[in-house]
Amino acid sequence: DMLARMIWGARVSLTIAFTAVILALIIGGLLGLLAGYYRNWVGNVLASLFDILLAIPALVLALALVAVLKGNPTDSHGGLSGQVILIIAICIVSVPALARITRGNTMSWAKREFVMAARAQGATHRRILFREILPNVAPAMVYITLLGIAIAIVAEGGLALLGAGVDPPTATWGNMINGGRVSMDDAPFIMFIPILGMFFTVLALNYLGDVVRDRFDVRE
């Protein structure tokens, strides 16, 4: 029934979105910290890489990654599952945005007096990055991560509509919306129920992100 399929689809869709964005946060957060802290060729190369990836439309990049990772559709042996492929694709697409925001915050906090004081006392670069800068950058990273999860949920649905989602009969919200298009005249609820589930989930994540930003935003 629709309720059971909605619940099962929610598990798959949320697993894909959360896993992809958390991995992107770890990778992009680390690269953003390094790019914002080191003002030499390392930071310039990383910043240029972020700009190049951000210049590519996210949906086009995700479609290309899914197509490459899926490989030959007739090959049923080996390879990655549809969920893993979507996780990798959405993760790679999310890394540059998270890294760019982390880099901007890191550049701001790296100029503060307590960072210069720690450097004057002989603190190592690793201690300055992870003990002085990271705790102050973390609230912005968490806020953007929550928004990224909401975007990833929508991205999974968009990829499913374009035929690049998890292979049926696995239930995801995107597959349910895509499958319900053929029944729009007779049973429109088949498509609109997962749309409502996706809408309220994304809305909740946006509100949660605002709460996190207001609660943990560092002020003078």
# chains A, B, ... in the order shown; residues from 1 in each chain; ligands from 1
call {"tool": "closest_atom_pairs", "arguments": {"of": "range 59-139 of chain A", "to": "range 12-23 of chain A", "cutoff": "12 Å", "atoms": "only C-alpha atoms", "output": "tab-separated table"}}
result
residue	atom	partner	partner_atom	distance
A:Ser81	CA	A:Ile16	CA	11.8
A:Gly82	CA	A:Ile16	CA	10.0
A:Gln83	CA	A:Ile16	CA	6.5
A:Val84	CA	A:Ile16	CA	7.9
A:Ile85	CA	A:Ile16	CA	9.5
A:Leu86	CA	A:Ile16	CA	6.9
A:Ile87	CA	A:Ala20	CA	4.7
A:Ile88	CA	A:Ala20	CA	6.6
A:Ala89	CA	A:Ala20	CA	8.1
A:Ile90	CA	A:Ala20	CA	5.9
A:Cys91	CA	A:Ala20	CA	4.5
A:Ile92	CA	A:Ala20	CA	8.3
A:Val93	CA	A:Ala20	CA	9.4
A:Ser94	CA	A:Val21	CA	6.7
A:Val95	CA	A:Val21	CA	8.1
A:Pro96	CA	A:Val21	CA	11.5
A:Ala97	CA	A:Val21	CA	10.8
A:Leu98	CA	A:Val21	CA	9.1
A:Ala99	CA	A:Val21	CA	11.9
call {"tool": "residues_around", "arguments": {"residues": "Ala140 in chain A", "least_positions_apart": "2", "cutoff": "9 Å", "atoms": "only C-alpha atoms", "output": "PDB file with N, CA, C and O atoms, in the first residue's frame"}}
result
ATOM      1  N   ILE A 101      32.233  27.243   1.067  1.00  0.00           N
ATOM      2  CA  ILE A 101      31.709  27.951   2.234  1.00  0.00           C
ATOM      3  C   ILE A 101      32.648  27.786   3.422  1.00  0.00           C
ATOM      4  O   ILE A 101      32.912  28.740   4.174  1.00  0.00           O
ATOM      5  N   THR A 102      33.182  26.583   3.613  1.00  0.00           N
ATOM      6  CA  THR A 102      34.145  26.355   4.695  1.00  0.00           C
ATOM      7  C   THR A 102      35.393  27.197   4.490  1.00  0.00           C
ATOM      8  O   THR A 102      35.946  27.754   5.453  1.00  0.00           O
ATOM      9  N   ASN A 105      34.720  30.892   5.529  1.00  0.00           N
ATOM     10  CA  ASN A 105      34.691  31.064   6.982  1.00  0.00           C
ATOM     11  C   ASN A 105      36.072  30.883   7.597  1.00  0.00           C
ATOM     12  O   ASN A 105      36.432  31.581   8.551  1.00  0.00           O
ATOM     13  N   ASN A 136      34.887  27.178  15.526  1.00  0.00           N
ATOM     14  CA  ASN A 136      34.179  28.400  15.150  1.00  0.00           C
ATOM     15  C   ASN A 136      33.551  28.305  13.765  1.00  0.00           C
ATOM     16  O   ASN A 136      32.567  28.990  13.478  1.00  0.00           O
ATOM     17  N   VAL A 137      34.114  27.471  12.913  1.00  0.00           N
ATOM     18  CA  VAL A 137      33.576  27.286  11.563  1.00  0.00           C
ATOM     19  C   VAL A 137      32.456  26.248  11.562  1.00  0.00           C
ATOM     20  O   VAL A 137      31.585  26.262  10.681  1.00  0.00           O
ATOM     21  N   ALA A 138      32.449  25.349  12.547  1.00  0.00           N
ATOM     22  CA  ALA A 138      31.510  24.219  12.566  1.00  0.00           C
ATOM     23  C   ALA A 138      30.039  24.627  12.475  1.00  0.00           C
ATOM     24  O   ALA A 138      29.270  23.975  11.752  1.00  0.00           O
ATOM     25  N   VAL A 142      27.513  23.014   9.720  1.00  0.00           N
ATOM     26  CA  VAL A 142      26.323  22.219  10.047  1.00  0.00           C
ATOM     27  C   VAL A 142      25.092  22.815   9.387  1.00  0.00           C
ATOM     28  O   VAL A 142      24.236  22.088   8.847  1.00  0.00           O
ATOM     29  N   TYR A 143      24.988  24.123   9.402  1.00  0.00           N
ATOM     30  CA  TYR A 143      23.842  24.798   8.781  1.00  0.00           C
ATOM     31  C   TYR A 143      23.781  24.497   7.289  1.00  0.00           C
ATOM     32  O   TYR A 143      22.724  24.121   6.749  1.00  0.00           O
ATOM     33  N   ILE A 144      24.910  24.593   6.605  1.00  0.00           N
ATOM     34  CA  ILE A 144      24.938  24.324   5.177  1.00  0.00           C
ATOM     35  C   ILE A 144      24.717  22.839   4.906  1.00  0.00           C
ATOM     36  O   ILE A 144      24.109  22.458   3.890  1.00  0.00           O
ATOM     37  N   THR A 145      25.185  21.977   5.809  1.00  0.00           N
ATOM     38  CA  THR A 145      24.984  20.538   5.635  1.00  0.00           C
ATOM     39  C   THR A 145      23.501  20.194   5.660  1.00  0.00           C
ATOM     40  O   THR A 145      23.024  19.378   4.853  1.00  0.00           O
ATOM     41  N   VAL A 212      19.624  25.935  14.024  1.00  0.00           N
ATOM     42  CA  VAL A 212      21.045  25.695  14.321  1.00  0.00           C
ATOM     43  C   VAL A 212      21.854  26.968  14.118  1.00  0.00           C
ATOM     44  O   VAL A 212      22.717  27.314  14.931  1.00  0.00           O
ATOM     45  N   ARG A 213      21.581  27.696  13.045  1.00  0.00           N
ATOM     46  CA  ARG A 213      22.322  28.930  12.790  1.00  0.00           C
ATOM     47  C   ARG A 213      22.068  29.969  13.871  1.00  0.00           C
ATOM     48  O   ARG A 213      23.011  30.614  14.365  1.00  0.00           O
ATOM     49  N   PHE A 216      23.696  28.545  17.427  1.00  0.00           N
ATOM     50  CA  PHE A 216      25.132  28.337  17.587  1.00  0.00           C
ATOM     51  C   PHE A 216      25.984  29.345  16.825  1.00  0.00           C
ATOM     52  O   PHE A 216      27.197  29.238  16.828  1.00  0.00           O
ATOM     53  N   ASP A 217      25.357  30.317  16.180  1.00  0.00           N
ATOM     54  CA  ASP A 217      26.136  31.317  15.468  1.00  0.00           C
ATOM     55  C   ASP A 217      26.978  32.113  16.458  1.00  0.00           C
ATOM     56  O   ASP A 217      26.475  32.626  17.461  1.00  0.00           O
TER      57      ASP A 217
END
call {"tool": "residues_around", "arguments": {"residues": "range 59-63 of chain A", "least_positions_apart": "2", "cutoff": "8 Å", "atoms": "only C-alpha atoms", "output": "number ranges by chain"}}
result
A: 56-57, 65-67, 89-90, 93, 155, 159, 164
call {"tool": "residues_around", "arguments": {"residues": "Asn206 in chain A", "least_positions_apart": "2", "cutoff": "8 Å", "atoms": "only C-alpha atoms", "output": "PyMOL selection string"}}
result
chain A and resi 146-147+150+202-204+208-210
call {"tool": "atom_distance", "arguments": {"atom1": "CA of Ala10 in chain A", "atom2": "CA of Thr172 in chain A"}}
result
6.4 Å
call {"tool": "residues_around", "arguments": {"residues": "Gly180 in chain A", "least_positions_apart": "3", "cutoff": "9 Å", "atoms": "only C-alpha atoms", "output": "JSON, numbers by chain"}}
result
{"A": [175, 176, 177, 183, 184, 187, 188, 189, 190, 191, 192]}
